[in-house]
Each structure stands twice: as structure tokens, then as C-alpha cells.
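Asks: A single structure is presented below for examination.
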Amino acid sequence: MKVLIVDDHPLVREGLAAILSMEFSMATVEQAATCDEAVNKIHQLEPDIVLLDLRLDRECGLDVIPKVRKNNSNCKFVVLTSSSDRNDFKRAEDMDVDGYILKDAYPEEILLGMKLISRGRKYYDPGILEIMLQKQDNSPTEELTPREQEVLRELGKGMTNKQIAQNLFITEYTVKKHVSQILAKLGLADRTQAALYANSHKVV
């Protein structure tokens with residue numbers, strides 16, 4: 001197995017190399033610290049797996065992937081990062097990485113992930129999966145204020161701004177402000193979509 005470790009911290013690279021040598025005694029392990037160096041090493045070495053940090057000084061490690069794939073490289077990419085940010089994970093997932101492992105993982109977890117990935121499977125750190133599931137469990141309507149939820153409920157009933165203002169004892173101007181906030185927070189285009197959303201999500 002040929003492995004390329006891409007990280008801008010020498011200590012991290014050496015530590016990972018030591019971990020990999022514990023399990024994969026026949027592995028060829030190379031190192032790179034920048035995106036350009038990584039791309040060059042991938043072309044030279046043609047590794048089976050690239051362990052890629054997200055943040056390489058001022059560069060993004062993910063930028064390596066499209067540069068390599070346009071040359072039809074078949075190597076697998078595994079993000080090894082300290083970032084548990086869901087947006088970082090989503091971007092990596094959208095780029096079809098083969099794994100996403102957090103740097104606070106135990107050595108045996110990293111080795112398990114590498115074994116599974118080398119066999120053609122994907123491996124995502126249980127820590128990042130837990131964060132993603134927690135986010136999915138939260139309803140988007142929880143981001144709305146109590147008053148905005150009331151306005152959304154009225155929209156779901158097909159009420160006009162004037163009717164909503166009368167029912168909630170607020171001005172039409174205030175209703176318009178609430179409707180704008182609701183559309184922005186829920187990513188909806190207009191009040192018709194808001195009404196459909198309210199009914200499909202049983203807000204009404």
C-alpha cells in the first residue's frame with residue numbers, strides 16, 4: 001500500500017507515519033506540506049490513499065482533489081482534520097471523499113478506517129456523524145421566534161397580512177417584517193411556499 005500524508009505540521013506527519021507503520025509494515029509512506037507538493041507527489045508516487053488535512057497554512061487541502069482527479073487518478077482521499085464543523089464535512093462529502101476522520105481519534109480508529117477504505121468502503125468518524133445527526137434532529141422551525149411561529153401558523157391557514165395583524169394584534173408592517181424573516185430563515189421564496197411548508201410540517 002502506498003500512502004501520502006498531507007499536513008503542514010511535521011510532528012503530525014511523523015506521528016501518522018509511525019501509526020501506519022505499526023499496522024502496515026509493507027506500506028510506502030510519503031509526506032507533503034502544501035497543495036502543490038501534494039499534487040506533485042501524487043503524480044510521482046500514485047498512492048493508494050491520501051491522508052489530507054483540511055487546513056494547510058492558508059490553503060484548503062480539499063483543493064488538491066479536483067487538481068488530481070482531472071488527470072484520472074484513482075487514489076482514495078481521506079480527510080484527517082481537527083474540524084468537526086458540519087460545513088467542512090458537507091463540502092468534503094460533496095467532493096466524494098472516501099473518509100473523514102477527526103484528529104482526536106485513537107490510533108486504532110485511524111487504522112480501522114484505513115483498512116476499510118483500502119477495501120473499497122467509506123469511513124466517517126463516529127464523532128462527526130453524531131454532530132450531523134444532531135443537526136438533522138433539530139427542526140428548522142426551532143430557529144423561528146415564538147411570534148414568527150405564530151405568523152407561520154397563520155400563513156398556513158391562508159390568512160392575508162391584514163387578517164394576521166388582526167388575529168395577533170400587531171400592525172401589518174410588523175407582519176411583513178415577520179414574513180420576511182420566516183422566508184429567510186427557512187430558505188423559502190414566497191408566502192405560498194411558507195403556507196405549504198407550514199402544512200407539510202404540521203405547524204398549522
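Ordering of the C-alpha cells sets the chain letters (A, B, ...); residue numbers start at 1 within each chain; ligands are numbered from 1 in the order shown.
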Would you give me, as a PyMOL selection string, the residues in stretch 63-149 of chain A that DSSP reads as strand (DSSP E)?
Replies: chain A and resi 76-81+99-102+123-124
Asks: Write out as a list in words which residues come within 10 Å of stretch 91-93 of chain A when counting only C-alpha atoms, dropping same-chain ones fewer than 3 positions away.
Replies: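 Listing them by chain and then by number gives Leu54, Gly61, Leu62, Ile65, Phe77, Val78, Val79, Arg86, Asn87, Asp88, Asp96, Val97, Asp98, Gly99, Tyr100 and Tyr124 of chain A.
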Asks: Please save C-alpha atoms of the selected residues as a tab-separated table (two decimals), in the first residue's frame.
Replies:
```tsv
chain	number	residue	atom	x	y	z
A	54	LEU	CA	-8.30	20.44	5.55
A	61	GLY	CA	-6.45	20.72	1.44
A	62	LEU	CA	-9.60	19.88	-0.49
A	65	ILE	CA	-8.72	16.70	-5.08
A	77	PHE	CA	-8.86	10.64	-0.36
A	78	VAL	CA	-9.29	10.61	3.41
A	79	VAL	CA	-9.71	13.88	5.29
A	86	ARG	CA	-20.66	20.46	9.59
A	87	ASN	CA	-19.97	22.76	6.63
A	88	ASP	CA	-16.43	21.39	6.29
A	96	ASP	CA	-16.90	12.36	-2.65
A	97	VAL	CA	-14.02	11.76	-0.25
A	98	ASP	CA	-13.59	8.19	0.93
A	99	GLY	CA	-13.24	9.04	4.59
A	100	TYR	CA	-13.43	11.80	7.20
A	124	TYR	CA	-16.71	8.52	8.61
```
Asks: Please identify all polymer residues within 10 Å of A:Ala38, counting only C-alpha atoms, omitting same-chain residues fewer than 2 positions from it, and present them as a PDB file with N, CA and C atoms, in the first residue's frame.
Replies:
```pdb
ATOM      1  N   LEU A   4       0.110   8.727   1.094  1.00  0.00           N
ATOM      2  CA  LEU A   4       0.674  10.069   1.143  1.00  0.00           C
ATOM      3  C   LEU A   4      -0.021  10.844   2.259  1.00  0.00           C
ATOM      4  N   ILE A   5       0.773  11.378   3.188  1.00  0.00           N
ATOM      5  CA  ILE A   5       0.241  12.180   4.290  1.00  0.00           C
ATOM      6  C   ILE A   5       0.454  13.655   3.947  1.00  0.00           C
ATOM      7  N   VAL A   6      -0.629  14.416   3.890  1.00  0.00           N
ATOM      8  CA  VAL A   6      -0.558  15.838   3.545  1.00  0.00           C
ATOM      9  C   VAL A   6      -0.990  16.663   4.751  1.00  0.00           C
ATOM     10  N   ASP A   7      -0.016  17.300   5.394  1.00  0.00           N
ATOM     11  CA  ASP A   7      -0.287  18.110   6.591  1.00  0.00           C
ATOM     12  C   ASP A   7       0.846  19.121   6.733  1.00  0.00           C
ATOM     13  N   GLU A  30       4.776   8.503   2.162  1.00  0.00           N
ATOM     14  CA  GLU A  30       5.406   9.751   1.753  1.00  0.00           C
ATOM     15  C   GLU A  30       4.681  10.914   2.427  1.00  0.00           C
ATOM     16  N   GLN A  31       5.317  12.087   2.438  1.00  0.00           N
ATOM     17  CA  GLN A  31       4.742  13.242   3.108  1.00  0.00           C
ATOM     18  C   GLN A  31       4.773  14.484   2.215  1.00  0.00           C
ATOM     19  N   ALA A  32       3.787  15.373   2.450  1.00  0.00           N
ATOM     20  CA  ALA A  32       3.741  16.660   1.748  1.00  0.00           C
ATOM     21  C   ALA A  32       3.164  17.695   2.694  1.00  0.00           C
ATOM     22  N   ALA A  33       3.570  18.959   2.500  1.00  0.00           N
ATOM     23  CA  ALA A  33       3.128  20.017   3.416  1.00  0.00           C
ATOM     24  C   ALA A  33       2.234  21.062   2.758  1.00  0.00           C
ATOM     25  N   THR A  34       2.207  21.101   1.429  1.00  0.00           N
ATOM     26  CA  THR A  34       1.408  22.102   0.708  1.00  0.00           C
ATOM     27  C   THR A  34       0.584  21.419  -0.384  1.00  0.00           C
ATOM     28  N   CYS A  35      -0.355  22.170  -0.940  1.00  0.00           N
ATOM     29  CA  CYS A  35      -1.198  21.628  -2.012  1.00  0.00           C
ATOM     30  C   CYS A  35      -0.360  21.274  -3.245  1.00  0.00           C
ATOM     31  N   ASP A  36       0.508  22.173  -3.655  1.00  0.00           N
ATOM     32  CA  ASP A  36       1.329  21.922  -4.849  1.00  0.00           C
ATOM     33  C   ASP A  36       2.239  20.716  -4.638  1.00  0.00           C
ATOM     34  N   ASN A  40       2.124  17.155  -6.813  1.00  0.00           N
ATOM     35  CA  ASN A  40       3.330  16.600  -7.452  1.00  0.00           C
ATOM     36  C   ASN A  40       3.639  15.196  -6.925  1.00  0.00           C
ATOM     37  N   LYS A  41       3.534  15.016  -5.606  1.00  0.00           N
ATOM     38  CA  LYS A  41       3.828  13.708  -5.016  1.00  0.00           C
ATOM     39  C   LYS A  41       2.819  12.652  -5.475  1.00  0.00           C
ATOM     40  N   ILE A  42       1.563  13.067  -5.632  1.00  0.00           N
ATOM     41  CA  ILE A  42       0.534  12.120  -6.086  1.00  0.00           C
ATOM     42  C   ILE A  42       0.839  11.646  -7.504  1.00  0.00           C
ATOM     43  N   HIS A  43       1.244  12.583  -8.361  1.00  0.00           N
ATOM     44  CA  HIS A  43       1.592  12.215  -9.734  1.00  0.00           C
ATOM     45  C   HIS A  43       2.815  11.302  -9.772  1.00  0.00           C
ATOM     46  N   GLN A  44       3.787  11.558  -8.881  1.00  0.00           N
ATOM     47  CA  GLN A  44       5.010  10.750  -8.865  1.00  0.00           C
ATOM     48  C   GLN A  44       4.792   9.378  -8.227  1.00  0.00           C
ATOM     49  N   VAL A  50      -4.600   8.965   0.104  1.00  0.00           N
ATOM     50  CA  VAL A  50      -4.035  10.252   0.504  1.00  0.00           C
ATOM     51  C   VAL A  50      -4.741  10.695   1.779  1.00  0.00           C
ATOM     52  N   LEU A  52      -5.411  13.627   4.063  1.00  0.00           N
ATOM     53  CA  LEU A  52      -5.382  15.044   3.705  1.00  0.00           C
ATOM     54  C   LEU A  52      -5.948  15.921   4.811  1.00  0.00           C
ATOM     55  N   GLY A  61      -6.899  22.001   1.945  1.00  0.00           N
ATOM     56  CA  GLY A  61      -6.450  20.715   1.440  1.00  0.00           C
ATOM     57  C   GLY A  61      -7.363  20.113   0.393  1.00  0.00           C
ATOM     58  N   VAL A  64      -6.737  20.065  -3.457  1.00  0.00           N
ATOM     59  CA  VAL A  64      -5.894  19.058  -4.109  1.00  0.00           C
ATOM     60  C   VAL A  64      -6.734  18.099  -4.958  1.00  0.00           C
ATOM     61  N   ILE A  65      -7.919  17.774  -4.471  1.00  0.00           N
ATOM     62  CA  ILE A  65      -8.721  16.702  -5.076  1.00  0.00           C
ATOM     63  C   ILE A  65      -9.075  16.960  -6.543  1.00  0.00           C
ATOM     64  N   VAL A  68      -6.140  16.688  -8.951  1.00  0.00           N
ATOM     65  CA  VAL A  68      -5.641  15.328  -9.183  1.00  0.00           C
ATOM     66  C   VAL A  68      -6.628  14.513 -10.014  1.00  0.00           C
TER      67      VAL A  68
END
```
Asks: Could you check which of A:Ala18, A:Ser84, A:Tyr197, A:Leu186 is closest to A:Gly156, using only C-alpha atoms?
Replies: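 Result for the nearest residue to A:Gly156: A:Tyr197.
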Asks: Using DSSP on the backbone coordinates, identify all residues within stretch 8-192 of chain A classified as helix (DSSP H, G or I); present the result as number ranges by chain.
Replies: A: 10-23, 35-45, 61-69, 86-94, 107-118, 126-137, 140-143, 146-156, 161-168, 172-186, 191-192
Asks: Rank A:Asp85, A:Ile101, A:Val204, A:Pro126 by their smallest atom-to-atom distance to A:Met114, using only C-alpha atoms, and report the top residue only.
Replies: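 Counting only C-alpha atoms, the residue closest to A:Met114 is A:Ile101.
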Asks: Which one is closest to A:Arg58: A:Asp8, A:Glu150, A:Val175, A:Lys185? Count only C-alpha atoms.
Replies: A:Asp8
Asks: Which residue gives the smallest distance to A:Asn199 among A:Lys90, A:Lys177, A:Arg153, A:Arg69, with only C-alpha atoms counted?
Replies: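 Ranked by minimum distance to A:Asn199, first place goes to A:Arg153.
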Asks: Of the candidates A:Ile170, A:Leu11, A:Cys75, A:Ala105, which one gets nearest to A:Ile128 if we count only C-alpha atoms?
Replies: A:Ala105
